[in-house]
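This report refers to the structure that appears directly beneath it.
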Amino acid sequence: ETIFVLNGPNLNLLGTREPEIYGHETLDDIAGQLEDRSRELGLSIDLRQSNHEGHLIDWLHEAQALPAKAVLLNAGAYTHTSIALYDAIKAIRTPVIEVHLSNPHAREAFRHVSRISPVAHGTICGFGAFSYMLALEAAARL
Ligand code: DQA
């Protein structure tokens with residue numbers, strides 16, 4: 001079974017992007033950690049990143065068509081703006097776990113609203129790269 005790990009805008013810059021907020025690990029580092037753990041769990045992961053909203057939507061549809069067991073979604077700033085992502089998550093039966101490295105609730109007011117949370121199976125935020133690992137553990141138990 002496959003778990004999609006979908007990453008939105010600017011997450012390709014992880015490691016160098018505001019490391020005091022997002023840490024020093026790159027998306028490749030995170031992919032490596034998730035691959036190791038998913039092997040132990042008898043799962044495989046398919047990690048992707050795009051700076052384009054429509055790619056994330058296409059991949060959510062693909063997750064349902066495959067079907068993937070679950071989607072871990074860090075939508076970056078689209079979290080706070082995208083009704084199209086809200087609709088896409090609502091349109092599929094695949095469980096989507098919202099993931100953030102930082103804790104958006106402890107940051108600027110415009111990050112306090114998530115368009116995704118109301119349709120996510122659950123949300124994990126605030127644990128840096130380890131948020132992804134926690135989300136993988138949760139997805140494995142769905
Ligand atoms: C983020 C939080 C968002 O508010 C921000 O726009 C990001 C990253 C996180 O992982 O902490 O790009 O999703």
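We label chains A, B, ... in the order they appear in the structure tokens, count residues from 1 in each chain, and number ligands from 1 in the order shown.
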
Could you please extract the residues within 9 Å of ligand 1, counting only C-alpha atoms and all ligand atoms, and hand them back as an mmCIF file with C-alpha atoms, in the first residue's frame?
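In the end it all went to out36.cif:
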data_model
loop_
_atom_site.group_PDB
_atom_site.id
_atom_site.type_symbol
_atom_site.label_atom_id
_atom_site.label_comp_id
_atom_site.auth_asym_id
_atom_site.auth_seq_id
_atom_site.Cartn_x
_atom_site.Cartn_y
_atom_site.Cartn_z
ATOM 1 C CA ASN A 7 4.145 19.113 -0.430
ATOM 2 C CA GLY A 8 3.143 22.528 -1.648
ATOM 3 C CA PRO A 9 4.849 25.825 -2.382
ATOM 4 C CA ASN A 10 8.333 26.694 -1.120
ATOM 5 C CA LEU A 11 8.845 23.333 0.550
ATOM 6 C CA ILE A 21 11.195 28.164 11.808
ATOM 7 C CA TYR A 22 11.417 25.113 9.549
ATOM 8 C CA LEU A 73 -0.504 16.905 2.855
ATOM 9 C CA ASN A 74 1.632 19.911 3.690
ATOM 10 C CA ALA A 75 -0.029 22.474 1.449
ATOM 11 C CA GLY A 76 2.258 25.314 2.578
ATOM 12 C CA ALA A 77 0.580 28.690 2.261
ATOM 13 C CA TYR A 78 -2.241 27.195 0.150
ATOM 14 C CA THR A 79 -3.413 25.809 3.492
ATOM 15 C CA HIS A 80 -4.692 29.256 4.330
ATOM 16 C CA GLU A 98 -2.770 17.781 7.246
ATOM 17 C CA VAL A 99 0.884 18.265 8.180
ATOM 18 C CA HIS A 100 2.893 21.343 9.127
ATOM 19 C CA LEU A 101 6.447 21.651 10.353
ATOM 20 C CA SER A 102 5.681 24.803 12.319
ATOM 21 C CA ASN A 103 2.686 25.472 14.540
ATOM 22 C CA PRO A 104 0.659 27.937 12.424
ATOM 23 C CA HIS A 105 -1.524 28.818 15.430
ATOM 24 C CA ARG A 107 2.420 32.471 14.206
ATOM 25 C CA GLU A 108 0.882 35.348 12.211
ATOM 26 C CA PHE A 110 -3.268 34.913 8.668
ATOM 27 C CA ARG A 111 -1.938 31.422 9.420
ATOM 28 C CA HIS A 112 -4.547 30.737 12.086
ATOM 29 C CA SER A 114 -6.770 26.482 7.641
ATOM 30 C CA CYS A 125 1.736 20.506 13.367
ATOM 31 C CA GLY A 126 4.566 22.006 15.337
ATOM 32 C CA GLY A 128 9.389 20.145 12.646
ATOM 33 C CA ALA A 129 10.350 17.321 10.315
ATOM 34 C CA SER A 131 5.486 16.062 12.139
#

- prompt: Could you pull the residues within 10 Å of Asp87 of chain A, counting only C-alpha atoms, minus those fewer than 4 positions along the same chain, as a ChimeraX atom specification?
  reply: /A:57,82-83,91-92,115-116,119

- So which residues touch Gly15 of chain A within 7 Å, counting only C-alpha atoms, skipping near sequence neighbours fewer than 3 positions away, as number ranges by chain? A: 19, 23-26

Produce a file of the selected residues containing N, CA and C atoms, as a compact mmCIF listing (two decimals), in the first residue's frame.
# COMPACT_ATOMS: atom_id res chain seq x y z
N PRO A 19 15.42 28.61 8.47
CA PRO A 19 15.69 27.41 9.27
C PRO A 19 15.31 27.54 10.74
N GLY A 23 13.62 24.45 10.40
CA GLY A 23 14.67 23.47 10.67
C GLY A 23 15.66 23.35 9.51
N HIS A 24 16.64 22.48 9.70
CA HIS A 24 17.75 22.35 8.75
C HIS A 24 17.60 21.15 7.84
N GLU A 25 16.60 20.32 8.10
CA GLU A 25 16.45 19.13 7.26
C GLU A 25 15.80 19.48 5.92
N THR A 26 16.27 18.84 4.88
CA THR A 26 15.72 19.07 3.54
C THR A 26 14.55 18.11 3.30

- Message: Please report the interatomic distance between atom CA of Ile30 of chain A and atom CA of Val5 of chain A in Å with one decimal.
- Response: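 Computing the Euclidean distance for atom CA of Ile30 of chain A and atom CA of Val5 of chain A yields 10.3 Å.
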
Best match for closeness to Met133 of chain A among A:His61, A:Glu20, A:Ile97, A:Ala68, counting only C-alpha atoms: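 Closest to Met133 of chain A of all the choices is A:Ile97.
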
Taking 6 positions as the minimum chain separation for residues in the same chain, which residues sit within 10 Å of Gly54 of chain A when counting only C-alpha atoms? Answer as a short mmCIF file (atom, residue, chain, number, x, y, z; two decimals) with C-alpha atoms, in the first residue's frame.
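Saved the output as result-v2.cif:
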data_model
loop_
_atom_site.label_atom_id
_atom_site.label_comp_id
_atom_site.auth_asym_id
_atom_site.auth_seq_id
_atom_site.Cartn_x
_atom_site.Cartn_y
_atom_site.Cartn_z
CA LEU A 60 -5.18 14.23 -4.69
CA ALA A 84 -9.87 24.39 -4.49
CA LEU A 85 -7.85 22.13 -2.16
#

To one decimal place, how far is atom CA of Ala140 of chain A from atom CA of Trp59 of chain A in Å?
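Here the two named atoms are 19.7 Å from each other.
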
Across A:Thr81, A:Thr94, A:Ser50, A:Thr16, the smallest distance to Ala139 of chain A, with only C-alpha atoms counted, is shown by A:Thr94

Note to self: Give me, as a VMD selection string, the residues of segment 10-58 of chain A that a backbone DSSP run labels helix (DSSP H, G or I).
What the structure shows: chain A and resid 11 to 13 19 to 22 27 to 40 53 to 58

Could you write those residues out with C-alpha atoms, as a PDB file, in the first residue's frame?
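To be explicit, this is the file written out as selection_21.pdb:
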ATOM      1  CA  LEU A  11       8.845  23.333   0.550  1.00  0.00           C
ATOM      2  CA  ASN A  12      11.480  22.526  -2.099  1.00  0.00           C
ATOM      3  CA  LEU A  13      13.585  25.100  -0.208  1.00  0.00           C
ATOM      4  CA  PRO A  19      15.692  27.405   9.266  1.00  0.00           C
ATOM      5  CA  GLU A  20      14.843  28.970  12.638  1.00  0.00           C
ATOM      6  CA  ILE A  21      11.195  28.164  11.808  1.00  0.00           C
ATOM      7  CA  TYR A  22      11.417  25.113   9.549  1.00  0.00           C
ATOM      8  CA  LEU A  27      12.734  17.463   1.870  1.00  0.00           C
ATOM      9  CA  ASP A  28      15.110  14.716   0.681  1.00  0.00           C
ATOM     10  CA  ASP A  29      16.139  14.100   4.300  1.00  0.00           C
ATOM     11  CA  ILE A  30      12.473  13.808   5.260  1.00  0.00           C
ATOM     12  CA  ALA A  31      11.820  11.486   2.316  1.00  0.00           C
ATOM     13  CA  GLY A  32      14.656   9.232   3.504  1.00  0.00           C
ATOM     14  CA  GLN A  33      13.302   9.050   7.051  1.00  0.00           C
ATOM     15  CA  LEU A  34       9.780   8.312   5.822  1.00  0.00           C
ATOM     16  CA  GLU A  35      11.041   5.637   3.426  1.00  0.00           C
ATOM     17  CA  ASP A  36      12.936   3.842   6.219  1.00  0.00           C
ATOM     18  CA  ARG A  37       9.938   3.859   8.547  1.00  0.00           C
ATOM     19  CA  SER A  38       7.412   2.975   5.845  1.00  0.00           C
ATOM     20  CA  ARG A  39       9.476  -0.101   4.964  1.00  0.00           C
ATOM     21  CA  GLU A  40       9.225  -1.232   8.595  1.00  0.00           C
ATOM     22  CA  GLU A  53      -1.817  24.514  -6.677  1.00  0.00           C
ATOM     23  CA  GLY A  54      -3.247  22.521  -9.595  1.00  0.00           C
ATOM     24  CA  HIS A  55      -0.552  19.845  -9.300  1.00  0.00           C
ATOM     25  CA  LEU A  56      -1.595  19.225  -5.707  1.00  0.00           C
ATOM     26  CA  ILE A  57      -5.196  18.872  -6.825  1.00  0.00           C
ATOM     27  CA  ASP A  58      -4.283  16.463  -9.640  1.00  0.00           C
TER      28      ASP A  58
END

Open item on the list: Env of Pro118 of chain A: 10 Å cut, atoms = only C-alpha atoms, seq-sep filter 5 positions within chain, self excluded. Answer as a list in words.
Closed with: Tyr86, Ile89, Lys90 and Thr123 of chain A

*asked:* Write out as a list in words the set of residues from chain A that DSSP, computed on the backbone, places in strand (DSSP E).
replied: Thr2, Ile3, Phe4, Val5, Leu6, Asn7, Ser44, Ile45, Asp46, Leu47, Arg48, Gln49, Ala70, Val71, Leu72, Leu73, Asn74, Val96, Ile97, Glu98, Val99, His100, Gly122, Thr123, Ile124 and Cys125 of chain A

Print the selection's residues with N, CA and C atoms to a file, as a PDB file, in the first residue's frame.
ATOM      1  N   THR A   2       0.378   2.246  -0.669  1.00  0.00           N
ATOM      2  CA  THR A   2       1.173   3.473  -0.838  1.00  0.00           C
ATOM      3  C   THR A   2       0.558   4.631  -0.057  1.00  0.00           C
ATOM      4  N   ILE A   3       1.423   5.418   0.527  1.00  0.00           N
ATOM      5  CA  ILE A   3       1.003   6.669   1.166  1.00  0.00           C
ATOM      6  C   ILE A   3       1.605   7.820   0.377  1.00  0.00           C
ATOM      7  N   PHE A   4       0.751   8.687  -0.117  1.00  0.00           N
ATOM      8  CA  PHE A   4       1.216   9.883  -0.818  1.00  0.00           C
ATOM      9  C   PHE A   4       1.638  10.929   0.213  1.00  0.00           C
ATOM     10  N   VAL A   5       2.765  11.575  -0.039  1.00  0.00           N
ATOM     11  CA  VAL A   5       3.242  12.670   0.821  1.00  0.00           C
ATOM     12  C   VAL A   5       3.374  13.894  -0.078  1.00  0.00           C
ATOM     13  N   LEU A   6       2.370  14.746  -0.055  1.00  0.00           N
ATOM     14  CA  LEU A   6       2.292  15.857  -1.004  1.00  0.00           C
ATOM     15  C   LEU A   6       2.699  17.161  -0.320  1.00  0.00           C
ATOM     16  N   ASN A   7       3.579  17.874  -0.986  1.00  0.00           N
ATOM     17  CA  ASN A   7       4.145  19.113  -0.430  1.00  0.00           C
ATOM     18  C   ASN A   7       3.931  20.263  -1.387  1.00  0.00           C
ATOM     19  N   SER A  44       4.682   1.742   1.327  1.00  0.00           N
ATOM     20  CA  SER A  44       5.635   2.509   0.534  1.00  0.00           C
ATOM     21  C   SER A  44       5.141   3.944   0.460  1.00  0.00           C
ATOM     22  N   ILE A  45       6.069   4.869   0.316  1.00  0.00           N
ATOM     23  CA  ILE A  45       5.659   6.262   0.229  1.00  0.00           C
ATOM     24  C   ILE A  45       6.005   6.822  -1.149  1.00  0.00           C
ATOM     25  N   ASP A  46       5.187   7.751  -1.566  1.00  0.00           N
ATOM     26  CA  ASP A  46       5.389   8.458  -2.832  1.00  0.00           C
ATOM     27  C   ASP A  46       5.379   9.943  -2.483  1.00  0.00           C
ATOM     28  N   LEU A  47       6.576  10.538  -2.341  1.00  0.00           N
ATOM     29  CA  LEU A  47       6.693  11.931  -1.900  1.00  0.00           C
ATOM     30  C   LEU A  47       6.882  12.851  -3.099  1.00  0.00           C
ATOM     31  N   ARG A  48       6.068  13.884  -3.165  1.00  0.00           N
ATOM     32  CA  ARG A  48       6.131  14.846  -4.275  1.00  0.00           C
ATOM     33  C   ARG A  48       6.048  16.273  -3.735  1.00  0.00           C
ATOM     34  N   GLN A  49       6.554  17.192  -4.522  1.00  0.00           N
ATOM     35  CA  GLN A  49       6.478  18.618  -4.161  1.00  0.00           C
ATOM     36  C   GLN A  49       6.161  19.420  -5.405  1.00  0.00           C
ATOM     37  N   ALA A  70      -3.556   6.603   2.141  1.00  0.00           N
ATOM     38  CA  ALA A  70      -3.782   7.911   2.770  1.00  0.00           C
ATOM     39  C   ALA A  70      -2.879   8.931   2.094  1.00  0.00           C
ATOM     40  N   VAL A  71      -3.177  10.193   2.342  1.00  0.00           N
ATOM     41  CA  VAL A  71      -2.335  11.286   1.862  1.00  0.00           C
ATOM     42  C   VAL A  71      -1.874  12.099   3.068  1.00  0.00           C
ATOM     43  N   LEU A  72      -0.576  12.338   3.154  1.00  0.00           N
ATOM     44  CA  LEU A  72      -0.048  13.344   4.084  1.00  0.00           C
ATOM     45  C   LEU A  72       0.126  14.600   3.258  1.00  0.00           C
ATOM     46  N   LEU A  73      -0.508  15.690   3.665  1.00  0.00           N
ATOM     47  CA  LEU A  73      -0.504  16.905   2.855  1.00  0.00           C
ATOM     48  C   LEU A  73       0.019  18.094   3.643  1.00  0.00           C
ATOM     49  N   ASN A  74       1.180  18.604   3.217  1.00  0.00           N
ATOM     50  CA  ASN A  74       1.632  19.911   3.690  1.00  0.00           C
ATOM     51  C   ASN A  74       1.429  20.869   2.526  1.00  0.00           C
ATOM     52  N   VAL A  96      -7.017  12.255   4.257  1.00  0.00           N
ATOM     53  CA  VAL A  96      -5.932  13.229   4.121  1.00  0.00           C
ATOM     54  C   VAL A  96      -5.543  13.724   5.516  1.00  0.00           C
ATOM     55  N   ILE A  97      -4.265  13.602   5.830  1.00  0.00           N
ATOM     56  CA  ILE A  97      -3.747  14.109   7.102  1.00  0.00           C
ATOM     57  C   ILE A  97      -2.970  15.388   6.817  1.00  0.00           C
ATOM     58  N   GLU A  98      -3.418  16.474   7.416  1.00  0.00           N
ATOM     59  CA  GLU A  98      -2.770  17.781   7.246  1.00  0.00           C
ATOM     60  C   GLU A  98      -1.508  17.816   8.105  1.00  0.00           C
ATOM     61  N   VAL A  99      -0.413  18.244   7.488  1.00  0.00           N
ATOM     62  CA  VAL A  99       0.884  18.265   8.180  1.00  0.00           C
ATOM     63  C   VAL A  99       1.509  19.654   8.062  1.00  0.00           C
ATOM     64  N   HIS A 100       2.065  20.125   9.155  1.00  0.00           N
ATOM     65  CA  HIS A 100       2.893  21.343   9.127  1.00  0.00           C
ATOM     66  C   HIS A 100       4.116  21.145   9.999  1.00  0.00           C
ATOM     67  N   GLY A 122      -7.237  14.484  10.141  1.00  0.00           N
ATOM     68  CA  GLY A 122      -6.621  15.047  11.335  1.00  0.00           C
ATOM     69  C   GLY A 122      -5.477  15.937  10.937  1.00  0.00           C
ATOM     70  N   THR A 123      -4.926  16.628  11.903  1.00  0.00           N
ATOM     71  CA  THR A 123      -3.847  17.584  11.630  1.00  0.00           C
ATOM     72  C   THR A 123      -2.704  17.355  12.609  1.00  0.00           C
ATOM     73  N   ILE A 124      -1.479  17.403  12.102  1.00  0.00           N
ATOM     74  CA  ILE A 124      -0.298  17.337  12.967  1.00  0.00           C
ATOM     75  C   ILE A 124       0.590  18.526  12.621  1.00  0.00           C
ATOM     76  N   CYS A 125       0.921  19.324  13.629  1.00  0.00           N
ATOM     77  CA  CYS A 125       1.736  20.506  13.367  1.00  0.00           C
ATOM     78  C   CYS A 125       2.627  20.803  14.553  1.00  0.00           C
TER      79      CYS A 125
END
